[in-house]
>>> print(open('entry11.tsv').read())   # TSV, C-alpha atoms and all ligand atoms
chain	number	residue	atom	x	y	z
C	1076	MET	CA	15.76	6.44	-2.74
C	1077	THR	CA	18.16	5.31	-0.09
C	1078	ASN	CA	17.95	1.72	-1.30
C	1079	ALA	CA	19.27	1.29	-4.80
C	1080	PRO	CA	16.42	0.53	-7.19
C	1081	GLN	CA	18.60	-2.24	-8.56
C	1082	GLN	CA	18.57	-3.95	-5.17
C	1083	ILE	CA	14.80	-3.60	-4.87
C	1084	ALA	CA	14.31	-4.96	-8.37
C	1085	ASN	CA	16.59	-7.91	-7.63
C	1086	GLU	CA	14.65	-8.80	-4.50
C	1087	ILE	CA	11.29	-8.61	-6.25
C	1088	ALA	CA	12.58	-10.77	-9.10
C	1089	ARG	CA	14.07	-13.26	-6.65
C	1090	VAL	CA	11.38	-13.68	-3.99
C	1091	GLY	CA	8.45	-11.48	-5.08
C	1092	TYR	CA	8.59	-8.99	-2.23
C	1093	CYS	CA	10.89	-6.70	-0.32
C	1094	ILE	CA	10.77	-4.95	3.03
C	1095	LEU	CA	12.77	-1.73	3.20
C	1096	PRO	CA	13.31	0.10	6.50
C	1097	ASN	CA	14.13	3.82	6.12
C	1098	ALA	CA	13.42	3.81	2.40
C	1099	MET	CA	11.24	6.93	2.45
C	1100	PRO	CA	12.94	10.30	2.91
C	1101	GLY	CA	12.19	11.76	6.34
C	1102	ASP	CA	10.89	15.09	5.01
C	1103	LEU	CA	8.43	13.35	2.66
C	1104	CYS	CA	7.30	11.16	5.53
C	1105	ASN	CA	6.66	14.21	7.74
C	1106	LEU	CA	4.78	16.01	5.01
C	1107	LEU	CA	2.57	12.97	4.46
C	1108	MET	CA	1.94	12.44	8.16
C	1109	GLN	CA	0.92	16.07	8.54
C	1110	SER	CA	-1.48	15.71	5.65
C	1111	ALA	CA	-2.79	12.36	6.92
C	1112	ARG	CA	-3.78	13.94	10.24
C	1113	THR	CA	-5.20	17.20	8.93
C	1114	THR	CA	-8.90	16.62	8.95
C	1115	THR	CA	-9.61	19.71	6.87
C	1116	GLU	CA	-7.40	18.32	4.12
C	1117	ARG	CA	-8.42	14.66	4.35
C	1118	GLN	CA	-11.85	13.14	4.19
C	1119	TYR	CA	-11.63	9.59	5.37
C	1120	ARG	CA	-14.36	7.14	4.55
C	1121	GLN	CA	-15.00	3.67	5.85
C	1122	ALA	CA	-13.02	1.36	3.58
C	1123	GLY	CA	-14.77	-1.22	1.44
C	1124	VAL	CA	-13.81	-4.62	0.07
C	1125	GLY	CA	-13.87	-5.54	-3.63
C	1126	ARG	CA	-14.16	-3.24	-6.60
C	1127	ALA	CA	-16.92	-1.55	-8.58
C	1128	ASP	CA	-20.02	-3.75	-8.72
C	1129	GLN	CA	-18.65	-6.08	-6.08
C	1130	HIS	CA	-17.81	-3.27	-3.72
C	1131	GLN	CA	-19.13	-3.79	-0.24
C	1132	GLN	CA	-18.39	-2.52	3.20
C	1133	ASN	CA	-17.61	-5.39	5.48
C	1134	GLU	CA	-16.26	-4.42	8.84
C	1135	SER	CA	-15.64	-8.03	9.78
C	1136	ILE	CA	-12.85	-8.05	7.16
C	1137	ARG	CA	-11.52	-4.52	7.40
C	1138	SER	CA	-12.34	-1.61	9.65
C	1139	ASP	CA	-9.87	1.06	8.60
C	1140	GLU	CA	-10.88	4.31	6.93
C	1141	ILE	CA	-9.26	5.60	3.78
C	1142	ASP	CA	-8.81	8.68	1.62
C	1143	TRP	CA	-7.58	8.37	-1.98
C	1144	ILE	CA	-4.54	10.47	-2.90
C	1145	ASP	CA	-4.30	12.88	-5.81
C	1146	ASP	CA	-1.85	15.63	-6.72
C	1147	ARG	CA	-4.02	18.52	-5.60
C	1148	SER	CA	-2.19	18.80	-2.28
C	1149	ALA	CA	1.55	19.44	-1.89
C	1150	ALA	CA	1.88	16.19	0.06
C	1151	GLY	CA	-0.03	14.22	-2.56
C	1152	GLU	CA	2.05	15.68	-5.35
C	1153	ALA	CA	5.36	14.91	-3.62
C	1154	TRP	CA	4.21	11.38	-2.87
C	1155	LEU	CA	3.06	10.67	-6.42
C	1156	ASP	CA	6.34	12.07	-7.78
C	1157	TRP	CA	8.31	9.75	-5.53
C	1158	CYS	CA	6.23	6.75	-6.60
C	1159	SER	CA	6.53	7.57	-10.26
C	1160	GLU	CA	10.33	7.63	-9.95
C	1161	LEU	CA	10.17	4.24	-8.34
C	1162	GLN	CA	7.83	3.01	-11.08
C	1163	LEU	CA	10.27	4.16	-13.75
C	1164	ALA	CA	13.24	2.55	-12.00
C	1165	LEU	CA	11.41	-0.76	-11.61
C	1166	ASN	CA	10.20	-0.75	-15.19
C	1167	GLN	CA	13.75	-0.18	-16.43
C	1168	ARG	CA	15.03	-3.16	-14.49
C	1169	LEU	CA	12.15	-5.60	-14.34
C	1170	PHE	CA	10.22	-4.91	-17.55
C	1171	LEU	CA	6.99	-5.09	-15.57
C	1172	GLY	CA	5.27	-2.55	-17.79
C	1173	LEU	CA	3.85	-0.72	-14.78
C	1174	PHE	CA	1.52	1.84	-16.29
C	1175	SER	CA	-0.34	3.66	-13.55
C	1176	PHE	CA	-0.48	4.01	-9.81
C	1177	GLU	CA	-3.30	4.49	-7.33
C	1178	SER	CA	-2.98	4.94	-3.58
C	1179	HIS	CA	-4.81	5.97	-0.46
C	1180	PHE	CA	-4.08	7.08	3.06
C	1181	ALA	CA	-5.38	4.68	5.65
C	1182	HIS	CA	-6.17	5.42	9.28
C	1183	TYR	CA	-6.57	2.57	11.73
C	1184	ALA	CA	-8.02	3.88	14.99
C	1185	PRO	CA	-7.36	1.73	18.06
C	1186	GLY	CA	-9.04	-1.66	17.61
C	1187	ARG	CA	-9.17	-1.40	13.80
C	1188	PHE	CA	-7.62	-4.07	11.58
C	1189	TYR	CA	-7.63	-5.61	8.10
C	1190	GLY	CA	-8.04	-9.39	8.03
C	1191	ARG	CA	-6.05	-11.75	5.83
C	1192	HIS	CA	-6.57	-11.00	2.13
C	1193	VAL	CA	-4.86	-10.72	-1.23
C	1194	ASP	CA	-4.87	-7.41	-3.12
C	1195	ALA	CA	-5.57	-9.03	-6.49
C	1196	PHE	CA	-6.91	-12.29	-7.86
C	1197	LYS	CA	-4.85	-13.94	-10.59
C	1198	GLY	CA	-6.05	-13.05	-14.05
C	1199	ARG	CA	-8.87	-10.83	-12.82
C	1200	THR	CA	-7.13	-7.57	-12.20
C	1201	ASN	CA	-4.46	-5.25	-13.44
C	1202	ARG	CA	-2.98	-4.61	-10.03
C	1203	VAL	CA	0.54	-6.01	-10.27
C	1204	LEU	CA	2.65	-4.64	-7.47
C	1205	SER	CA	1.46	-3.52	-4.04
C	1206	LEU	CA	3.27	-0.86	-2.05
C	1207	VAL	CA	2.68	0.00	1.59
C	1208	THR	CA	4.41	2.65	3.64
C	1209	TYR	CA	4.04	3.85	7.19
C	1210	LEU	CA	3.87	7.32	8.69
C	1211	ASN	CA	4.04	6.87	12.48
C	1212	GLU	CA	7.35	7.84	14.11
C	1213	ASP	CA	8.31	5.84	17.18
C	1214	TRP	CA	5.75	3.08	16.95
C	1215	ASN	CA	5.96	1.21	20.25
C	1216	PRO	CA	6.23	-2.58	20.43
C	1217	GLY	CA	2.92	-2.65	22.30
C	1218	ASP	CA	1.05	-0.58	19.71
C	1219	GLY	CA	0.16	-3.63	17.59
C	1220	GLY	CA	-0.93	-2.93	14.02
C	1221	GLU	CA	1.80	-5.05	12.43
C	1222	LEU	CA	1.53	-6.07	8.81
C	1223	VAL	CA	1.84	-9.84	8.51
C	1224	LEU	CA	3.01	-10.93	5.08
C	1225	TYR	CA	2.42	-14.62	4.29
C	1226	GLN	CA	4.45	-16.50	1.67
C	1227	ASN	CA	1.45	-18.32	0.20
C	1228	ASP	CA	-2.03	-19.63	1.07
C	1229	GLU	CA	-0.62	-22.38	3.28
C	1230	ASP	CA	1.71	-20.17	5.32
C	1231	SER	CA	0.29	-19.44	8.74
C	1232	THR	CA	3.38	-17.82	10.30
C	1233	GLY	CA	4.25	-14.98	7.98
C	1234	LEU	CA	6.69	-12.13	8.35
C	1235	ARG	CA	5.80	-9.31	10.74
C	1236	VAL	CA	6.48	-5.75	9.73
C	1237	ILE	CA	6.37	-2.98	12.35
C	1238	PRO	CA	4.43	-0.01	10.89
C	1239	GLU	CA	7.26	2.45	11.58
C	1240	ALA	CA	7.73	5.65	9.61
C	1241	GLY	CA	10.02	5.28	6.60
C	1242	THR	CA	9.49	1.57	6.05
C	1243	VAL	CA	8.34	0.63	2.57
C	1244	VAL	CA	6.99	-2.81	1.64
C	1245	LEU	CA	6.54	-4.00	-1.93
C	1246	PHE	CA	5.03	-7.32	-3.01
C	1247	LEU	CA	3.40	-8.93	-6.02
C	1248	SER	CA	-0.30	-8.17	-5.56
C	1249	ASP	CA	-1.68	-11.60	-6.43
C	1250	GLU	CA	0.88	-13.76	-4.63
C	1251	PHE	CA	1.09	-12.73	-1.00
C	1252	PRO	CA	-1.81	-12.98	1.43
C	1253	HIS	CA	-1.40	-10.44	4.23
C	1254	GLU	CA	-3.21	-8.84	7.13
C	1255	VAL	CA	-3.04	-5.88	9.48
C	1256	LEU	CA	-3.25	-6.89	13.14
C	1257	PRO	CA	-5.48	-4.76	15.36
C	1258	ALA	CA	-3.86	-1.41	16.10
C	1259	LYS	CA	-3.73	-0.16	19.67
C	1260	ALA	CA	-2.76	3.40	18.74
C	1261	ASP	CA	-3.77	5.58	15.79
C	1262	ARG	CA	-1.98	4.03	12.84
C	1263	TYR	CA	-1.40	5.97	9.62
C	1264	SER	CA	-0.22	4.29	6.44
C	1265	ILE	CA	-0.43	4.55	2.68
C	1266	ALA	CA	-1.36	1.59	0.49
C	1267	GLY	CA	-0.85	1.77	-3.25
C	1268	TRP	CA	-0.90	-0.38	-6.36
C	1269	PHE	CA	1.06	-0.20	-9.58
C	1270	ARG	CA	-1.09	-1.35	-12.46
C	1271	VAL	CA	-0.57	-2.52	-15.99
C	1272	ASN	CA	-2.67	-1.17	-18.83
C	1273	THR	CA	-5.35	-3.61	-19.94
C	1274	SER	CA	-7.09	-1.27	-22.38
C	1275	SER	CA	-8.27	-2.96	-25.52
C	1276	GLY	CA	-10.34	-1.83	-28.47
C	1277	ARG	CA	-12.58	1.05	-27.46
C	1278	SER	CA	-12.74	0.38	-23.76
C	1279	ILE	CA	-10.27	2.47	-21.86
C	1280	ASP	CA	-8.96	1.14	-18.63
C	1281	PRO	CA	-9.38	3.94	-16.11
C	1282	PRO	CA	-6.62	4.76	-13.63
C	1283	ARG	CA	-8.85	3.68	-10.80
E	1301	LIG	C1	-4.24	-2.78	2.16
E	1301	LIG	C2	-3.23	-3.35	3.09
E	1301	LIG	C3	-1.47	-3.04	4.71
E	1301	LIG	C4	-0.95	-2.11	5.76
E	1301	LIG	O1	-4.65	-1.62	2.35
E	1301	LIG	O2	-4.65	-3.52	1.23
E	1301	LIG	O3	-3.02	-4.53	3.03
E	1301	LIG	O4	0.02	-2.49	6.42
E	1301	LIG	N1	-2.56	-2.55	3.95
E	1301	LIG	O5	-1.51	-1.02	5.94
E	1302	MN	MN	-3.74	-5.41	1.13
>>> encode(input="entry11.tsv", output="structure tokens", more="lines below")
Ligand code: OGA
Ligand code: MN
Amino acid sequence: MTNAPQQIANEIARVGYCILPNAMPGDLCNLLMQSARTTTERQYRQAGVGRADQHQQNESIRSDEIDWIDDRSAAGEAWLDWCSELQLALNQRLFLGLFSFESHFAHYAPGRFYGRHVDAFKGRTNRVLSLVTYLNEDWNPGDGGELVLYQNDEDSTGLRVIPEAGTVVLFLSDEFPHEVLPAKADRYSIAGWFRVNTSSGRSIDPPR
């Protein structure tokens, strides 16, 4: 990692999020972008909202398409390795007890967006830390598709993040409402979540 894990951990402990330009190695970024665009390798599906029994497709909230990542492709394997190093580094410094990680590619075709939402509801999920990274090189100012990260429910200004290759954003999953503004060009990103283990008794908490 170009940014010292210690610095990242400090920022998360201090304000709950961090925005890191150029944090992803260029070769990993290229590999992921190639994979994201290879339609024989990826099978995107219309994204849904909510989990399991509450899962529904609601294009008024989000209209991107996604493909979950596993280690069966070289790109997926390299990505998961990188994230597990980060997980280890954060656990060593923050004692978050991050236990597993799930992530998907997302493709926002022109006009697609993801309205304001939180990734987790307090006390109802084991998603602890959200991670987003971007794969488009040379994203133009007019291409839209910014991530807007709000400080809390009352914040209506937020921080705008350009979805430019190499940028990594981390934030506590249940604290920061955020949205993806409509993209005007094909926008490729990865969204992921570090989870804690909530297994108890005989019920095993699955990785996804
Ligand atoms: C998500 C999400 C942000 C982005 O998938 O939950 O908020 O910038 N993505 O792609
Ligand atoms: Mn989100």
>>> residues_around(input="entry11.tsv", residues="stretch 1192-1207 of chain C", least_positions_apart="6", cutoff="8 Å", atoms="only C-alpha atoms", output="list of chain:residue names")
C:Leu1173, C:Val1243, C:Val1244, C:Leu1245, C:Phe1246, C:Leu1247, C:Ser1248, C:Asp1249, C:Glu1250, C:Phe1251, C:Pro1252, C:His1253, C:Glu1254, C:Ser1264, C:Ile1265, C:Ala1266, C:Gly1267, C:Trp1268, C:Phe1269, C:Arg1270, C:Val1271, C:Asn1272, C:Thr1273
>>> closest_residue(input="entry11.tsv", among="C:Ala1122, C:Leu1169, C:Ala1164, C:Ala1184", to="ligand LIG 1301 (chain E)", atoms="all atoms listed in the file")
C:Ala1122
>>> residues_around(input="entry11.tsv", residues="C:Arg1262", least_positions_apart="3", cutoff="12 Å", atoms="all atoms listed in the file", output="ChimeraX atom specification")
/C:1108,1111-1112,1139-1141,1180-1188,1208-1215,1218-1222,1237-1240,1255-1259,1265
>>> write_last_selection(input="entry11.tsv", atoms="C-alpha atoms", output="compact mmCIF listing (two decimals), keeping the file's coordinate frame")
# COMPACT_ATOMS: atom_id res chain seq x y z
CA MET C 1108 1.94 12.44 8.16
CA ALA C 1111 -2.79 12.36 6.92
CA ARG C 1112 -3.78 13.94 10.24
CA ASP C 1139 -9.87 1.06 8.60
CA GLU C 1140 -10.88 4.31 6.93
CA ILE C 1141 -9.26 5.60 3.78
CA PHE C 1180 -4.08 7.08 3.06
CA ALA C 1181 -5.38 4.68 5.65
CA HIS C 1182 -6.17 5.42 9.28
CA TYR C 1183 -6.57 2.57 11.73
CA ALA C 1184 -8.02 3.88 14.99
CA PRO C 1185 -7.36 1.73 18.06
CA GLY C 1186 -9.04 -1.66 17.61
CA ARG C 1187 -9.17 -1.40 13.80
CA PHE C 1188 -7.62 -4.07 11.58
CA THR C 1208 4.41 2.65 3.64
CA TYR C 1209 4.04 3.85 7.19
CA LEU C 1210 3.87 7.32 8.69
CA ASN C 1211 4.04 6.87 12.48
CA GLU C 1212 7.35 7.84 14.11
CA ASP C 1213 8.31 5.84 17.18
CA TRP C 1214 5.75 3.08 16.95
CA ASN C 1215 5.96 1.21 20.25
CA ASP C 1218 1.05 -0.58 19.71
CA GLY C 1219 0.16 -3.63 17.59
CA GLY C 1220 -0.93 -2.93 14.02
CA GLU C 1221 1.80 -5.05 12.43
CA LEU C 1222 1.53 -6.07 8.81
CA ILE C 1237 6.37 -2.98 12.35
CA PRO C 1238 4.43 -0.01 10.89
CA GLU C 1239 7.26 2.45 11.58
CA ALA C 1240 7.73 5.65 9.61
CA VAL C 1255 -3.04 -5.88 9.48
CA LEU C 1256 -3.25 -6.89 13.14
CA PRO C 1257 -5.48 -4.76 15.36
CA ALA C 1258 -3.86 -1.41 16.10
CA LYS C 1259 -3.73 -0.16 19.67
CA ILE C 1265 -0.43 4.55 2.68
>>> residues_around(input="entry11.tsv", residues="C:Leu1165", least_positions_apart="3", cutoff="7 Å", atoms="all atoms listed in the file", output="JSON, numbers by chain")
{"C": [1080, 1084, 1161, 1162, 1168, 1169]}
>>> closest_residue(input="entry11.tsv", among="C:Ala1260, C:Cys1158, C:Ile1136, C:Leu1234", to="ligand MN 1302 (chain E)", atoms="only C-alpha atoms and all ligand atoms")
C:Ile1136
>>> atom_distance(input="entry11.tsv", atom1="atom CA of C:Gln1109", atom2="atom CA of C:Tyr1263")
10.4 Å
>>> closest_residue(input="entry11.tsv", among="C:Ala1153, C:Ser1175, C:Gly1101, C:Ile1094", to="ligand LIG 1301 (chain E)", atoms="only C-alpha atoms and all ligand atoms")
C:Ile1094
